[in-house]
Every structure is written in C-alpha cells, then in structure tokens.
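For reference, structure-v8.txt (compact mmCIF, C-alpha atoms):
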```
# COMPACT_ATOMS: atom_id res chain seq x y z
CA MET A 1 28.66 31.03 -167.38
CA LYS A 2 28.26 27.58 -165.91
CA LYS A 3 29.49 28.90 -162.59
CA LEU A 4 27.02 31.79 -162.68
CA THR A 5 24.18 29.48 -163.61
CA ALA A 6 25.05 27.11 -160.82
CA PHE A 7 25.21 29.96 -158.31
CA ALA A 8 21.89 31.36 -159.44
CA PHE A 9 20.32 27.93 -159.24
CA ALA A 10 21.65 27.47 -155.70
CA ALA A 11 20.29 30.88 -154.68
CA LEU A 12 16.86 29.94 -156.03
CA LEU A 13 16.93 26.79 -153.97
CA ALA A 14 17.96 28.64 -150.82
CA ALA A 15 15.28 31.35 -151.10
CA PRO A 16 12.29 29.15 -150.03
CA PHE A 17 14.17 27.98 -146.96
CA ALA A 18 15.05 31.55 -145.94
CA ALA A 19 11.46 32.60 -146.38
CA SER A 20 10.34 29.61 -144.32
CA ALA A 21 12.79 30.56 -141.57
CA ASP A 22 11.53 34.19 -141.58
CA ASP A 23 7.96 32.98 -141.40
CA THR A 24 8.83 30.81 -138.42
CA LYS A 25 10.44 33.74 -136.62
CA THR A 26 7.53 36.01 -137.41
CA GLY A 27 5.05 33.40 -136.23
CA SER A 28 6.96 32.94 -133.02
CA THR A 29 6.97 36.68 -132.35
CA LYS A 30 3.30 36.99 -133.14
CA THR A 31 2.45 34.09 -130.90
CA GLY A 32 4.46 35.54 -128.03
CA SER A 33 2.85 38.94 -128.55
CA THR A 34 -0.58 37.37 -128.53
CA ASN A 35 0.13 35.54 -125.28
CA THR A 36 1.46 38.71 -123.68
CA THR A 37 -1.61 40.62 -124.77
CA ASP A 38 -3.89 37.92 -123.42
CA LYS A 39 -2.12 38.02 -120.06
CA SER A 40 -2.42 41.80 -119.93
CA LYS A 41 -6.11 41.59 -120.67
CA ALA A 42 -6.54 38.99 -117.94
CA THR A 43 -4.67 41.19 -115.47
CA ASP A 44 -6.72 44.22 -116.45
CA LYS A 45 -9.92 42.28 -115.93
CA THR A 46 -8.75 41.19 -112.49
CA ASN A 47 -7.88 44.79 -111.59
CA ASP A 48 -11.24 45.97 -112.89
CA THR A 49 -12.98 43.36 -110.79
CA ASN A 50 -11.01 44.32 -107.68
CA SER A 51 -11.64 48.02 -108.24
CA ASN A 52 -15.37 47.39 -107.99
CA VAL A 53 -15.00 45.94 -104.50
CA PRO A 54 -15.35 48.72 -101.84
CA THR A 55 -12.41 48.94 -99.46
CA ASN A 56 -12.23 50.49 -96.00
CA LYS A 57 -8.64 51.16 -94.99
CA SER A 58 -9.54 52.34 -91.53
CA GLY A 59 -11.67 49.29 -90.81
CA THR A 60 -14.45 51.47 -89.45
CA ASP A 61 -17.89 52.41 -90.68
CA LYS A 62 -17.59 56.08 -91.60
CA THR A 63 -21.34 56.51 -91.82
CA ALA A 64 -21.89 55.02 -88.38
CA GLY A 65 -19.09 57.17 -86.98
CA THR A 66 -20.64 60.32 -88.36
CA SER A 67 -24.07 59.55 -86.95
CA THR A 68 -22.60 58.73 -83.55
CA THR A 69 -20.67 62.00 -83.48
CA ALA A 70 -23.74 63.98 -84.50
CA ALA A 71 -25.81 62.30 -81.80
CA SER A 72 -23.25 63.14 -79.11
CA LYS A 73 -23.28 66.83 -80.02
CA GLU A 74 -26.67 67.99 -78.85
CA LYS A 75 -27.43 71.55 -79.89
CA ILE A 76 -27.45 74.28 -77.27
CA SER A 77 -29.90 76.96 -78.45
CA ALA A 78 -29.60 80.70 -77.90
CA GLY A 79 -32.47 80.48 -75.39
CA ASP A 80 -30.65 77.72 -73.50
CA LEU A 81 -27.53 79.90 -73.33
CA GLN A 82 -29.56 82.71 -71.77
CA VAL A 83 -30.84 80.34 -69.09
CA MET A 84 -27.27 79.19 -68.48
CA ALA A 85 -26.17 82.83 -68.27
CA GLN A 86 -28.72 83.52 -65.54
CA MET A 87 -27.73 80.38 -63.62
CA HIS A 88 -24.07 81.35 -63.85
CA HIS A 89 -24.91 84.85 -62.64
CA VAL A 90 -26.79 83.46 -59.62
CA ASN A 91 -23.89 81.14 -58.77
CA GLN A 92 -21.44 84.03 -58.81
CA MET A 93 -23.69 86.18 -56.58
CA GLU A 94 -24.18 83.37 -54.06
CA ILE A 95 -20.44 82.66 -53.93
CA ALA A 96 -19.78 86.36 -53.28
CA MET A 97 -22.43 86.57 -50.53
CA GLY A 98 -21.20 83.35 -48.95
CA ASN A 99 -17.74 84.89 -48.65
CA VAL A 100 -19.27 88.04 -47.13
CA ALA A 101 -21.14 85.94 -44.54
CA GLN A 102 -17.92 84.26 -43.41
CA THR A 103 -16.41 87.71 -42.84
CA LYS A 104 -19.30 89.77 -41.47
CA SER A 105 -21.24 87.33 -39.28
CA THR A 106 -20.29 86.71 -35.67
CA THR A 107 -22.42 83.54 -35.49
CA GLN A 108 -20.70 80.24 -36.30
CA ALA A 109 -23.86 78.74 -37.80
CA VAL A 110 -24.20 81.64 -40.24
CA LYS A 111 -20.50 81.46 -41.08
CA SER A 112 -20.90 77.74 -41.83
CA TYR A 113 -23.92 78.52 -43.98
CA GLY A 114 -21.84 81.03 -45.93
CA LYS A 115 -19.16 78.39 -46.49
CA MET A 116 -21.81 75.96 -47.73
CA LEU A 117 -23.02 78.55 -50.23
CA VAL A 118 -19.52 78.96 -51.62
CA THR A 119 -18.83 75.22 -51.89
CA ASP A 120 -22.18 74.26 -53.44
CA HIS A 121 -22.40 77.11 -55.94
CA GLN A 122 -18.80 76.68 -57.04
CA SER A 123 -19.54 73.02 -57.78
CA ALA A 124 -22.76 73.89 -59.65
CA ASP A 125 -20.97 76.56 -61.66
CA LYS A 126 -18.14 74.18 -62.57
CA ASP A 127 -20.66 71.68 -63.95
CA LEU A 128 -22.46 74.43 -65.88
CA LEU A 129 -19.26 75.70 -67.47
CA ALA A 130 -18.26 72.14 -68.37
CA LEU A 131 -21.60 71.62 -70.13
CA ALA A 132 -21.09 74.75 -72.21
CA LYS A 133 -17.51 73.75 -73.08
CA LYS A 134 -18.63 70.26 -74.09
CA HIS A 135 -20.76 71.81 -76.82
CA GLY A 136 -18.16 74.39 -77.85
CA GLN A 137 -20.10 77.27 -76.31
CA THR A 138 -19.21 80.16 -74.03
CA ILE A 139 -21.76 81.32 -71.46
CA PRO A 140 -22.57 84.97 -72.22
CA ALA A 141 -22.94 87.73 -69.64
CA PHE A 142 -26.41 87.80 -68.12
CA LYS A 143 -28.63 90.66 -69.28
CA PRO A 144 -32.24 90.88 -68.02
CA THR A 145 -34.58 90.81 -71.00
CA ASN A 146 -37.84 91.90 -69.32
CA GLU A 147 -39.01 94.33 -66.64
CA ALA A 148 -39.51 91.64 -64.00
CA ASP A 149 -35.93 90.39 -64.35
CA GLN A 150 -34.62 93.95 -64.43
CA LYS A 151 -36.44 94.73 -61.16
CA ASP A 152 -35.18 91.54 -59.52
CA GLU A 153 -31.65 92.32 -60.60
CA LYS A 154 -31.84 95.84 -59.15
CA ASP A 155 -33.43 94.67 -55.90
CA ASP A 156 -30.79 91.95 -55.43
CA ALA A 157 -27.95 94.39 -56.08
CA ASP A 158 -29.40 96.96 -53.66
CA MET A 159 -29.94 94.35 -50.95
CA ALA A 160 -26.44 92.93 -51.35
CA ALA A 161 -24.94 96.41 -51.09
CA HIS A 162 -27.00 97.10 -47.95
CA VAL A 163 -26.09 93.79 -46.23
CA LYS A 164 -22.40 94.39 -46.84
CA THR A 165 -22.61 97.52 -44.65
CA LEU A 166 -23.87 95.52 -41.65
CA LYS A 167 -22.19 93.24 -39.13
CA GLY A 168 -23.01 90.99 -36.21
CA ALA A 169 -26.68 90.33 -35.40
CA ASP A 170 -27.90 93.00 -37.83
CA PHE A 171 -25.99 91.32 -40.61
CA ASP A 172 -27.36 87.87 -39.74
CA LYS A 173 -30.95 89.12 -39.73
CA ASP A 174 -30.90 90.86 -43.11
CA PHE A 175 -28.55 88.36 -44.74
CA LEU A 176 -30.73 85.37 -43.85
CA SER A 177 -33.86 87.21 -44.99
CA MET A 178 -32.14 87.90 -48.30
CA MET A 179 -31.14 84.21 -48.63
CA VAL A 180 -34.67 82.94 -48.02
CA GLN A 181 -36.25 85.32 -50.52
CA GLY A 182 -33.45 84.98 -53.05
CA HIS A 183 -33.41 81.19 -53.14
CA GLU A 184 -37.20 80.99 -53.37
CA LYS A 185 -37.06 83.28 -56.43
CA VAL A 186 -34.33 81.15 -57.97
CA LEU A 187 -36.44 78.00 -57.49
CA ALA A 188 -39.36 79.65 -59.29
CA LYS A 189 -37.09 80.72 -62.16
CA LEU A 190 -35.65 77.21 -62.47
CA ASP A 191 -39.15 75.77 -62.75
CA THR A 192 -39.93 78.28 -65.51
CA ALA A 193 -36.66 77.48 -67.29
CA MET A 194 -37.51 73.75 -67.33
CA GLY A 195 -40.39 74.46 -69.68
CA MET A 196 -38.28 76.63 -71.96
CA VAL A 197 -34.97 74.86 -72.54
CA THR A 198 -34.54 72.45 -75.45
CA SER A 199 -31.39 70.66 -74.30
CA ASP A 200 -32.02 67.47 -72.34
CA GLU A 201 -28.62 67.83 -70.71
CA LEU A 202 -29.47 71.31 -69.48
CA LYS A 203 -32.81 70.06 -68.16
CA THR A 204 -30.93 67.41 -66.21
CA ALA A 205 -28.52 70.04 -64.86
CA ILE A 206 -31.47 72.14 -63.65
CA GLN A 207 -33.10 69.12 -62.00
CA ASN A 208 -29.82 68.27 -60.29
CA VAL A 209 -29.30 71.78 -58.87
CA LYS A 210 -32.86 72.31 -57.58
CA PRO A 211 -32.45 70.18 -54.40
CA THR A 212 -29.34 72.19 -53.49
CA VAL A 213 -31.15 75.50 -53.94
CA GLN A 214 -34.08 74.19 -51.89
CA LYS A 215 -31.67 73.10 -49.14
CA HIS A 216 -30.17 76.60 -49.06
CA ALA A 217 -33.61 78.19 -48.73
CA ASP A 218 -34.68 75.76 -45.98
CA THR A 219 -31.43 76.11 -44.04
CA ALA A 220 -31.62 79.93 -44.19
CA ARG A 221 -35.21 79.78 -42.94
CA ASP A 222 -34.22 77.52 -40.02
CA LEU A 223 -31.29 79.79 -39.13
CA GLN A 224 -33.59 82.78 -39.37
CA LYS A 225 -35.93 81.24 -36.78
CA ASN A 226 -33.06 80.33 -34.45
CA THR A 227 -31.56 83.79 -34.73
CA THR A 228 -34.90 85.47 -33.93
CA THR A 229 -35.42 83.18 -30.91
CA SER A 230 -31.95 83.86 -29.52
CA MET A 231 -32.48 87.62 -29.80
CA LYS A 232 -35.61 87.54 -27.63
```
Using structure tokens, write down the structure from this file.
Amino acid sequence: MKKLTAFAFAALLAAPFAASADDTKTGSTKTGSTNTTDKSKATDKTNDTNSNVPTNKSGTDKTAGTSTTAASKEKISAGDLQVMAQMHHVNQMEIAMGNVAQTKSTTQAVKSYGKMLVTDHQSADKDLLALAKKHGQTIPAFKPTNEADQKDEKDDADMAAHVKTLKGADFDKDFLSMMVQGHEKVLAKLDTAMGMVTSDELKTAIQNVKPTVQKHADTARDLQKNTTTSMK
C-alpha cells in the first residue's frame, strides 16, 4: 500500500509538468503556424499589388500599333476599282497596239513610238496592279456601265481591228490618227475620274500617269504632221 501511495503521489506531481510541456509544444506550433500564415498573407498582398500593375510583354503599344495599321490600309471603294479596271484596260490596249506598230509600220519613228507605248503602259500597269495588291484587291474586268463608254469601247475595237489590216504608209496614217484621238479621250476620262475616286493613292496614280498620256498624244500628233508632209 505504501508503495502504491508513493507511486500515485509521484504521478500526481509529474502531471503538472507534463501538461506544462504539452502547453509549450502547442504554443510553439501555434506560434509557428501564425508566423507562416502572416507570411502567406504578406506574399498574397504583394502578388495582389503586382497583379494590378499592367504589363506589356511585347514592349509595344498595341493600341498605337492598331491605329497605325488601320491608317496604312486606306480603303479602295467599288467605284475606285471600276476606275482602275478602265485604266488597266487602256494599258492593255495600248501595249497591244504598240506591238502592232512595231510590226506593221515601215517608218522607224512610228516603230519607236510603238515601243514607247509598250514600255510606258507596262510601267503604268505594273504600278496600278501593285496598288491593288497593296490593299488586298484584284482589279476586275472592265465593263462599260453607260452608253457613252459602250460606244467608245466599240469604236476603239473596230478601229484597232481595221488598223491591224493595214501596213506601211496606210498603217501609219490611220494608226497615228487613232493614237491622237484615243489618248485625248483617255485624258478626258482621267480628269473625270479625279473627281470621282475616294482613294488619295489612286488620285496620285492618276496625276502621275496624265503627263505620260499627254506625251503620247502630243508625239502622235507631231508624227502625224511629219507623215503627212513627207507624203506630199
């Protein structure tokens, strides 16, 4: 009994110390947990703060880029495309007739004129096609939309067919007459087109080609005079 009493007494004495040790461990764990939580909250706040700062990985201003791209892509309207179609059609006709002149004429000056037609209209057509491509467009086939254009188209086709049947002096006479009249009509149509088109780039293209067309008309007129004089 004495032994049991002594053991029980010792156990009673040890109990407070065990409890104190447990409390110390618990307190240490709680303290560590609190510190960890505080650090997490601090990190979260930092992340939240950083997330509110706009970032730009590319280092460029997307808005500015968009506006610049939009500005560089000027719209080509349906009406502008029709003007371009007519200009392209004229270029192709002049190239064809220039080649005919180099074959049918027996006069070196007229042959040289034909070569000039080919060179100049090929260059003008190349620029026109490049303008259409720049804006993602394809130049449509030319179709006269009014009676005046339909008549001009028929007259030009008939005259071209007639001239192709000639040669020598007869060819020079009718060919040069066709060139004077044809280029004068083209100049008038270009002036009309200037007031219709909406694209500034197309307006510039028309202004750039007008001196060339005028030169062709003037040169044909001078050759026409020289040819008439030499025939007398």
Checklist entry - To one decimal place, how far is CA of Met194 in chain A from CA of Ile76 in chain A in Å? => result 14.2 Å
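You can rank A:Leu202, A:Val209, A:Ala217, A:Ala85 by their closest distance to Tyr113 in chain A using all atoms listed in the file, and at the top of that list sits A:Ala217.
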Checklist entry - Smallest atom-to-atom distance to Ala160 in chain A: which of A:Glu147, A:Asp125, A:Asp80, A:Glu94, using only C-alpha atoms? => result A:Glu94
Checklist entry - If you measure from CA of Leu166 in chain A to CA of His183 in chain A, what distance in Å do you get, rounded to one decimal? => result 20.7 Å
Checklist entry - Which is closer to Thr219 in chain A than all the others in A:Leu129, A:Met97, A:Ala148, A:Ala109, using only C-alpha atoms? => result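 Counting only C-alpha atoms, the residue closest to Thr219 in chain A is A:Ala109.
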Next on the checklist: Please report the interatomic distance between CA of Ala132 in chain A and CA of Glu201 in chain A in Å with one decimal.
Outcome noted: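 CA of Glu201 in chain A lies at a distance of 10.3 Å from CA of Ala132 in chain A.
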Next on the checklist: Restricting the calculation to only C-alpha atoms: of A:Lys210, A:Lys133, A:Lys75, A:Lys115, which residue gets closest to Ala188 in chain A?
Outcome noted: A:Lys210
